[in-house]
$ cat model-v2.txt   # compact mmCIF, C-alpha atoms and all ligand atoms
# COMPACT_ATOMS: atom_id res chain seq x y z
CA MET A 1 53.07 281.70 -24.09
CA ILE A 2 50.27 284.15 -24.74
CA GLN A 3 48.10 283.26 -27.68
CA HIS A 4 46.19 285.71 -29.77
CA HIS A 5 43.30 283.51 -30.62
CA ASP A 6 41.81 283.58 -34.03
CA VAL A 7 38.41 283.02 -32.48
CA LEU A 8 37.31 286.02 -34.43
CA ALA A 9 38.90 284.77 -37.55
CA LYS A 10 39.61 288.07 -39.17
CA ALA A 11 40.88 289.62 -35.98
CA GLU A 12 43.93 291.64 -36.66
CA LYS A 13 47.08 290.54 -34.89
CA VAL A 14 48.65 293.01 -32.51
CA VAL A 15 51.07 294.75 -34.76
CA PRO A 16 52.93 298.03 -34.55
CA ILE A 17 51.47 300.52 -36.97
CA GLU A 18 54.28 301.82 -39.10
CA SER A 19 54.44 305.57 -39.42
CA GLU A 20 54.43 306.88 -42.94
CA SER A 21 55.45 310.29 -41.75
CA PRO A 22 59.03 311.55 -41.86
CA LEU A 23 58.27 313.47 -38.66
CA PRO A 24 56.84 310.79 -36.37
CA SER A 25 57.49 312.77 -33.21
CA LEU A 26 55.01 315.40 -34.36
CA ILE A 27 52.26 312.91 -34.87
CA ASN A 28 50.31 311.02 -32.23
CA LYS A 29 50.81 307.71 -34.02
CA PRO A 30 49.35 304.40 -32.87
CA LEU A 31 51.90 302.07 -31.32
CA PHE A 32 49.46 299.23 -30.66
CA ARG A 33 46.14 298.36 -32.15
CA LEU A 34 43.91 295.46 -31.20
CA GLU A 35 40.72 294.89 -33.15
CA SER A 36 38.19 292.33 -31.94
CA GLN A 37 41.14 290.49 -30.47
CA SER A 38 40.91 287.43 -28.30
CA ILE A 39 43.87 287.00 -25.95
CA GLY A 40 44.67 284.12 -23.65
CA TRP A 41 46.96 281.30 -22.64
CA GLY A 42 47.07 278.08 -24.64
CA HIS A 43 43.60 277.49 -26.02
CA LYS A 44 41.79 279.35 -23.27
CA PRO A 45 40.91 282.97 -23.99
CA VAL A 46 41.08 285.32 -21.02
CA LEU A 47 39.91 288.42 -22.87
CA GLU A 48 37.62 288.52 -25.88
CA GLY A 49 36.59 291.18 -28.36
CA VAL A 50 39.36 293.54 -27.31
CA ASP A 51 39.42 296.80 -29.29
CA LEU A 52 42.31 298.90 -28.10
CA SER A 53 44.50 301.44 -29.84
CA ILE A 54 47.35 303.06 -27.92
CA LYS A 55 49.19 306.03 -29.34
CA GLU A 56 52.60 307.49 -28.68
CA GLY A 57 52.51 309.85 -25.72
CA GLU A 58 49.59 308.19 -23.95
CA LYS A 59 49.72 307.24 -20.29
CA VAL A 60 47.37 304.31 -19.88
CA ALA A 61 46.27 302.61 -16.68
CA ILE A 62 44.81 299.10 -16.92
CA ILE A 63 42.37 298.56 -14.06
CA GLY A 64 40.38 295.53 -12.96
CA LYS A 65 40.12 293.08 -10.15
CA SER A 66 42.58 290.29 -9.51
CA GLY A 67 42.43 287.68 -12.26
CA ALA A 68 40.60 290.00 -14.68
CA GLY A 69 43.35 289.68 -17.28
CA LYS A 70 45.47 292.82 -16.82
CA SER A 71 48.79 290.94 -16.90
CA THR A 72 47.61 288.91 -19.86
CA LEU A 73 46.83 292.11 -21.77
CA VAL A 74 50.02 294.02 -21.01
CA HIS A 75 52.23 291.01 -21.58
CA SER A 76 50.65 290.48 -24.98
CA LEU A 77 51.38 294.13 -25.82
CA TYR A 78 54.99 293.68 -24.69
CA GLN A 79 55.40 290.63 -26.91
CA GLN A 80 54.62 292.73 -29.97
CA GLN A 81 57.65 295.00 -29.72
CA PRO A 82 59.97 293.84 -26.95
CA LYS A 83 62.96 295.78 -28.29
CA ILE A 84 61.46 299.21 -27.67
CA ILE A 85 59.59 298.39 -24.48
CA ALA A 86 61.00 298.40 -20.96
CA TYR A 87 58.87 295.78 -19.23
CA CYS A 88 58.59 295.49 -15.48
CA GLY A 89 56.71 292.31 -14.63
CA GLN A 90 55.21 291.15 -11.36
CA GLU A 91 58.14 288.80 -10.84
CA TYR A 92 61.20 290.89 -10.10
CA GLY A 93 63.74 288.49 -11.56
CA LEU A 94 66.60 289.80 -9.44
CA VAL A 95 69.82 287.83 -9.00
CA PRO A 96 69.81 287.33 -5.21
CA SER A 97 73.57 287.13 -4.73
CA LEU A 98 74.29 290.27 -6.74
CA SER A 99 74.22 293.82 -5.42
CA VAL A 100 71.57 296.43 -6.08
CA PHE A 101 74.08 298.14 -8.40
CA HIS A 102 74.67 295.01 -10.44
CA ASN A 103 70.99 294.11 -10.65
CA ILE A 104 70.18 297.57 -11.99
CA TYR A 105 73.17 297.50 -14.35
CA MET A 106 71.67 294.39 -15.93
CA GLY A 107 69.15 296.69 -17.59
CA GLN A 108 71.95 297.71 -19.96
CA LEU A 109 73.84 294.42 -20.19
CA ASP A 110 73.07 294.14 -23.90
CA LYS A 111 74.59 297.57 -24.60
CA HIS A 112 78.12 296.47 -23.73
CA HIS A 113 80.66 293.85 -24.73
CA PHE A 114 80.92 290.68 -22.67
CA THR A 115 84.39 291.62 -21.40
CA TYR A 116 83.21 295.05 -20.28
CA ASN A 117 80.32 293.44 -18.38
CA LEU A 118 82.65 290.92 -16.76
CA VAL A 119 85.09 293.58 -15.57
CA ASN A 120 82.19 295.69 -14.31
CA LEU A 121 80.91 292.68 -12.39
CA LEU A 122 84.21 292.25 -10.59
CA ARG A 123 85.04 295.94 -10.19
CA PRO A 124 82.27 298.40 -11.07
CA PHE A 125 83.29 301.20 -13.40
CA LYS A 126 83.01 304.64 -11.83
CA SER A 127 81.08 305.83 -14.87
CA GLN A 128 78.43 303.14 -14.36
CA VAL A 129 78.20 303.82 -10.62
CA GLY A 130 77.83 307.51 -11.52
CA LYS A 131 74.90 306.70 -13.82
CA ILE A 132 73.15 304.37 -11.40
CA ARG A 133 73.65 306.35 -8.17
CA PRO A 134 71.14 309.14 -9.01
CA LEU A 135 68.57 306.51 -9.90
CA VAL A 136 68.92 304.68 -6.59
CA GLU A 137 68.87 308.01 -4.74
CA SER A 138 65.60 308.96 -6.37
CA LEU A 139 64.19 305.61 -5.24
CA GLY A 140 65.57 305.88 -1.69
CA LEU A 141 67.98 302.97 -2.13
CA GLN A 142 71.28 304.85 -1.80
CA ASP A 143 72.22 303.03 1.42
CA GLN A 144 71.72 299.65 -0.26
CA LEU A 145 73.71 300.33 -3.45
CA PHE A 146 76.23 297.54 -2.84
CA GLN A 147 74.03 295.33 -0.71
CA SER A 148 73.03 291.99 -2.18
CA ALA A 149 69.45 291.68 -3.37
CA ASP A 150 68.68 288.76 -1.07
CA ARG A 151 69.05 291.07 1.92
CA LEU A 152 66.41 293.53 0.75
CA SER A 153 62.79 293.86 1.84
CA GLY A 154 60.05 293.08 -0.66
CA GLY A 155 59.45 296.77 -1.33
CA GLN A 156 63.16 297.40 -1.78
CA GLN A 157 63.36 294.52 -4.24
CA GLN A 158 60.47 295.98 -6.19
CA ARG A 159 62.22 299.36 -6.37
CA VAL A 160 65.37 297.65 -7.68
CA ALA A 161 63.29 295.90 -10.34
CA VAL A 162 61.74 299.22 -11.34
CA ALA A 163 65.18 300.87 -11.40
CA ARG A 164 66.56 298.11 -13.62
CA THR A 165 63.65 298.63 -16.01
CA LEU A 166 64.13 302.42 -16.02
CA PHE A 167 67.87 301.90 -16.66
CA GLN A 168 66.98 300.18 -19.92
CA GLU A 169 66.09 303.64 -21.25
CA ARG A 170 63.58 302.36 -23.77
CA ASP A 171 60.87 304.38 -25.49
CA ILE A 172 57.88 302.74 -23.86
CA PHE A 173 57.45 301.63 -20.23
CA ILE A 174 55.06 298.80 -19.43
CA GLY A 175 54.69 298.04 -15.73
CA ASP A 176 52.61 295.22 -14.30
CA GLU A 177 51.69 296.48 -10.84
CA PRO A 178 55.03 298.26 -10.38
CA ILE A 179 53.94 299.76 -7.03
CA SER A 180 52.24 296.74 -5.47
CA SER A 181 54.75 296.33 -2.61
CA VAL A 182 55.64 299.92 -1.72
CA ASP A 183 54.01 302.59 0.40
CA GLU A 184 51.99 305.55 -0.90
CA VAL A 185 54.90 308.03 -0.91
CA GLN A 186 57.20 305.62 -2.70
CA SER A 187 54.39 304.77 -5.13
CA GLU A 188 54.16 308.43 -6.13
CA GLN A 189 57.95 308.69 -6.49
CA ILE A 190 58.01 305.62 -8.73
CA LEU A 191 55.14 306.82 -10.90
CA GLN A 192 56.77 310.26 -11.22
CA LEU A 193 60.03 308.66 -12.29
CA ILE A 194 58.32 306.42 -14.83
CA ASN A 195 56.32 309.32 -16.28
CA GLY A 196 59.33 311.64 -16.28
CA ARG A 197 61.42 309.23 -18.32
CA HIS A 198 58.85 307.90 -20.78
CA GLN A 199 56.36 309.58 -23.05
CA THR A 200 54.33 306.41 -23.39
CA THR A 201 53.46 304.31 -20.36
CA ILE A 202 51.08 301.40 -19.84
CA LEU A 203 50.62 300.39 -16.21
CA THR A 204 48.42 297.88 -14.45
CA LEU A 205 47.41 299.43 -11.15
CA HIS A 206 45.07 298.63 -8.27
CA ASN A 207 45.22 302.09 -6.69
CA VAL A 208 42.49 303.93 -8.58
CA GLU A 209 43.34 307.35 -7.11
CA LEU A 210 46.94 307.10 -8.31
CA ALA A 211 45.79 305.75 -11.66
CA LEU A 212 43.65 308.87 -12.13
CA ARG A 213 46.47 311.18 -11.04
CA PHE A 214 49.29 309.68 -13.04
CA CYS A 215 47.55 308.37 -16.14
CA SER A 216 45.64 310.21 -18.85
CA ARG A 217 43.55 307.26 -19.94
CA ILE A 218 41.89 304.44 -18.03
CA VAL A 219 41.15 301.03 -19.51
CA GLY A 220 38.92 298.93 -17.27
CA ILE A 221 38.65 295.16 -17.61
CA ARG A 222 35.71 293.16 -16.28
CA ASN A 223 34.16 289.80 -17.13
CA GLY A 224 36.71 289.05 -19.83
CA ARG A 225 36.13 292.27 -21.75
CA VAL A 226 37.30 295.84 -21.91
CA GLU A 227 34.36 297.46 -20.17
CA LEU A 228 35.74 300.97 -19.87
CA ASP A 229 38.07 303.03 -22.04
CA SER A 230 38.02 306.70 -21.22
CA SER A 231 40.06 309.79 -20.55
CA ALA A 232 41.00 309.96 -16.86
CA ASP A 233 39.54 313.49 -16.75
CA ASN A 234 36.01 312.14 -17.00
CA LEU A 235 36.28 309.60 -14.21
CA SER A 236 36.06 309.43 -10.44
CA PRO A 237 37.58 306.83 -8.07
CA SER A 238 34.10 305.53 -7.21
CA GLN A 239 33.33 304.92 -10.88
CA LEU A 240 36.53 302.89 -11.19
CA ARG A 241 35.71 300.88 -8.08
CA THR A 242 32.64 299.46 -9.83
CA LEU A 243 35.08 297.46 -11.96
CA TYR A 244 35.97 295.50 -8.84
CA GLN A 245 32.39 294.33 -8.30
CA ASP A 246 31.19 290.94 -9.54
N1 LIG B 301 51.33 282.11 -17.36
C1 LIG B 301 50.03 281.77 -17.38
N2 LIG B 301 49.65 280.60 -17.91
C2 LIG B 301 48.35 280.24 -17.95
N3 LIG B 301 47.34 281.00 -17.47
C3 LIG B 301 47.68 282.18 -16.93
C4 LIG B 301 49.03 282.63 -16.86
N4 LIG B 301 49.04 283.87 -16.28
C5 LIG B 301 47.76 284.15 -15.99
N5 LIG B 301 46.95 283.14 -16.38
C6 LIG B 301 45.49 283.10 -16.24
O1 LIG B 301 44.93 284.21 -16.92
C7 LIG B 301 43.83 284.72 -16.17
C8 LIG B 301 44.06 286.21 -15.96
O2 LIG B 301 45.22 286.38 -15.17
P1 LIG B 301 46.03 287.73 -15.13
O3 LIG B 301 47.30 287.45 -14.39
O4 LIG B 301 46.14 288.28 -16.49
O5 LIG B 301 45.05 288.65 -14.25
P2 LIG B 301 45.36 290.02 -13.53
O6 LIG B 301 44.19 290.89 -13.78
O7 LIG B 301 46.68 290.54 -13.95
O8 LIG B 301 45.39 289.59 -12.00
P3 LIG B 301 46.23 290.18 -10.76
O9 LIG B 301 45.65 291.55 -10.46
O10 LIG B 301 45.96 289.20 -9.67
O11 LIG B 301 47.67 290.23 -11.16
C9 LIG B 301 43.75 283.93 -14.87
O12 LIG B 301 42.72 282.99 -14.98
C10 LIG B 301 45.08 283.25 -14.78
O13 LIG B 301 44.96 281.99 -14.16
$ encode --input "model-v2.txt" --output "structure tokens"
Amino acid sequence: MIQHHDVLAKAEKVVPIESESPLPSLINKPLFRLESQSIGWGHKPVLEGVDLSIKEGEKVAIIGKSGAGKSTLVHSLYQQQPKIIAYCGQEYGLVPSLSVFHNIYMGQLDKHHFTYNLVNLLRPFKSQVGKIRPLVESLGLQDQLFQSADRLSGGQQQRVAVARTLFQERDIFIGDEPISSVDEVQSEQILQLINGRHQTTILTLHNVELALRFCSRIVGIRNGRVELDSSADNLSPSQLRTLYQD
């Protein structure tokens, strides 16, 4: 369980900032705000002194070398408002014996009655197949729609996990390395899909070129701190690569 340490005693907890406006869609309101926050696991902080405010409509890439604390940060953000966030973690969490269709359908399991889900498990409703088919086509999985997940390659499994997260149709998409196992072309397709379906996205990425192309803001983590927080317009790939140096 991620702990928000009170190392900095008055540090504000990560809380959604309530909009006071009757027209929230017209205002670039903060969804997350961290102030001098220490974040870690158990009693061990991974990140300290984190100041981070993320507003509706932002597309944020979290960059940093392996072990820097990217997952720790995005998972702590997810924990703040899990009901409005579609979260795609590094572990795919697929049910191996179930088909691609059924694994993706699980993204909306909570929207239907138990009986409906049971019938759909045994004999998929045409309406649900009709909703999921375009998604699998856009991810190049149309030939695997009724293939069980345990017969997929690693990259195919990752695309199913992304599809299941997209199928949740939530306001905010948080992806923890959602393109780590797919090729460059598929990476672009996935990032286009995520951006096309969500106004607000927070992605941990290792590909700095794609981060600059698909995200409007780059947050760089190094040595347990947020070392960079800038508009993507002002940055080059070589500048981002310095975050990977010791
Ligand atoms: N579930 C967990 N329980 C305890 N410690 C954890 C857990 N997950 C990560 N950590 C620790 O937190 C630190 C940061 O890990 P984290 O996974 O956030 O880094 P990362 O930047 O996402 O790395 P990667 O790019 O390899 O995914 C590491 O020291 C790691 O051992």
$ closest_atom_pairs --input "model-v2.txt" --of "chain A" --to "ligand LIG 301 (chain B)" --cutoff "7 Å" --atoms "only C-alpha atoms and all ligand atoms" --output "JSON lines"
{"residue": "A:Met1", "atom": "CA", "partner": "B:LIG301", "partner_atom": "N1", "distance": 7.0}
{"residue": "A:Gly40", "atom": "CA", "partner": "B:LIG301", "partner_atom": "O1", "distance": 6.7}
{"residue": "A:Trp41", "atom": "CA", "partner": "B:LIG301", "partner_atom": "C2", "distance": 5.0}
{"residue": "A:Val46", "atom": "CA", "partner": "B:LIG301", "partner_atom": "C7", "distance": 5.6}
{"residue": "A:Gly64", "atom": "CA", "partner": "B:LIG301", "partner_atom": "O6", "distance": 6.1}
{"residue": "A:Lys65", "atom": "CA", "partner": "B:LIG301", "partner_atom": "O9", "distance": 5.7}
{"residue": "A:Ser66", "atom": "CA", "partner": "B:LIG301", "partner_atom": "O9", "distance": 3.5}
{"residue": "A:Gly67", "atom": "CA", "partner": "B:LIG301", "partner_atom": "O5", "distance": 3.4}
{"residue": "A:Ala68", "atom": "CA", "partner": "B:LIG301", "partner_atom": "O6", "distance": 3.8}
{"residue": "A:Gly69", "atom": "CA", "partner": "B:LIG301", "partner_atom": "O4", "distance": 3.2}
{"residue": "A:Lys70", "atom": "CA", "partner": "B:LIG301", "partner_atom": "O6", "distance": 3.8}
{"residue": "A:Ser71", "atom": "CA", "partner": "B:LIG301", "partner_atom": "O7", "distance": 3.6}
{"residue": "A:Thr72", "atom": "CA", "partner": "B:LIG301", "partner_atom": "O4", "distance": 3.7}
{"residue": "A:Leu73", "atom": "CA", "partner": "B:LIG301", "partner_atom": "O4", "distance": 6.6}
$ closest_residue --input "model-v2.txt" --among "A:Ser153, A:Gln168, A:Ser216, A:Ser238" --to "Ala61 in chain A" --atoms "all atoms listed in the file"
A:Ser216
$ closest_residue --input "model-v2.txt" --among "A:Lys83, A:Arg33, A:Arg159, A:Arg170" --to "Gly140 in chain A" --atoms "only C-alpha atoms"
A:Arg159
$ closest_residue --input "model-v2.txt" --among "A:His198, A:His43, A:His102, A:His206" --to "Phe125 in chain A" --atoms "all atoms listed in the file"
A:His102
$ atom_distance --input "model-v2.txt" --atom1 "CA of Ile84 in chain A" --atom2 "CA of Ala211 in chain A"
23.3 Å
$ residues_around --input "model-v2.txt" --residues "Tyr105 in chain A" --least-positions-apart "3" --cutoff "12 Å" --atoms "all atoms listed in the file" --output "VMD selection string"
chain A and resid 94 to 95 98 to 102 108 to 112 116 to 118 120 to 121 124 to 125 127 to 133 135 to 136 145 to 146 160 to 169
$ atom_distance --input "model-v2.txt" --atom1 "CA of Cys215 in chain A" --atom2 "CA of Gln79 in chain A"
22.2 Å
$ atom_distance --input "model-v2.txt" --atom1 "CA of Asn195 in chain A" --atom2 "CA of Leu243 in chain A"
24.7 Å
$ residues_near_point --input "model-v2.txt" --point "(54.5, 302.2, -19.0)" --cutoff "7 Å" --atoms "all atoms listed in the file" --output "list in words"
Ile172, Phe173, Ile174, Gly175, Thr200, Thr201, Ile202 and Leu203 of chain A
$ closest_residue --input "model-v2.txt" --among "A:Ser187, A:Thr204, A:Ser236, A:Gln158" --to "Val74 in chain A" --atoms "only C-alpha atoms"
A:Thr204
$ closest_residue --input "model-v2.txt" --among "A:Val119, A:Leu152, A:Val50, A:Ile85" --to "Gly224 in chain A" --atoms "all atoms listed in the file"
A:Val50
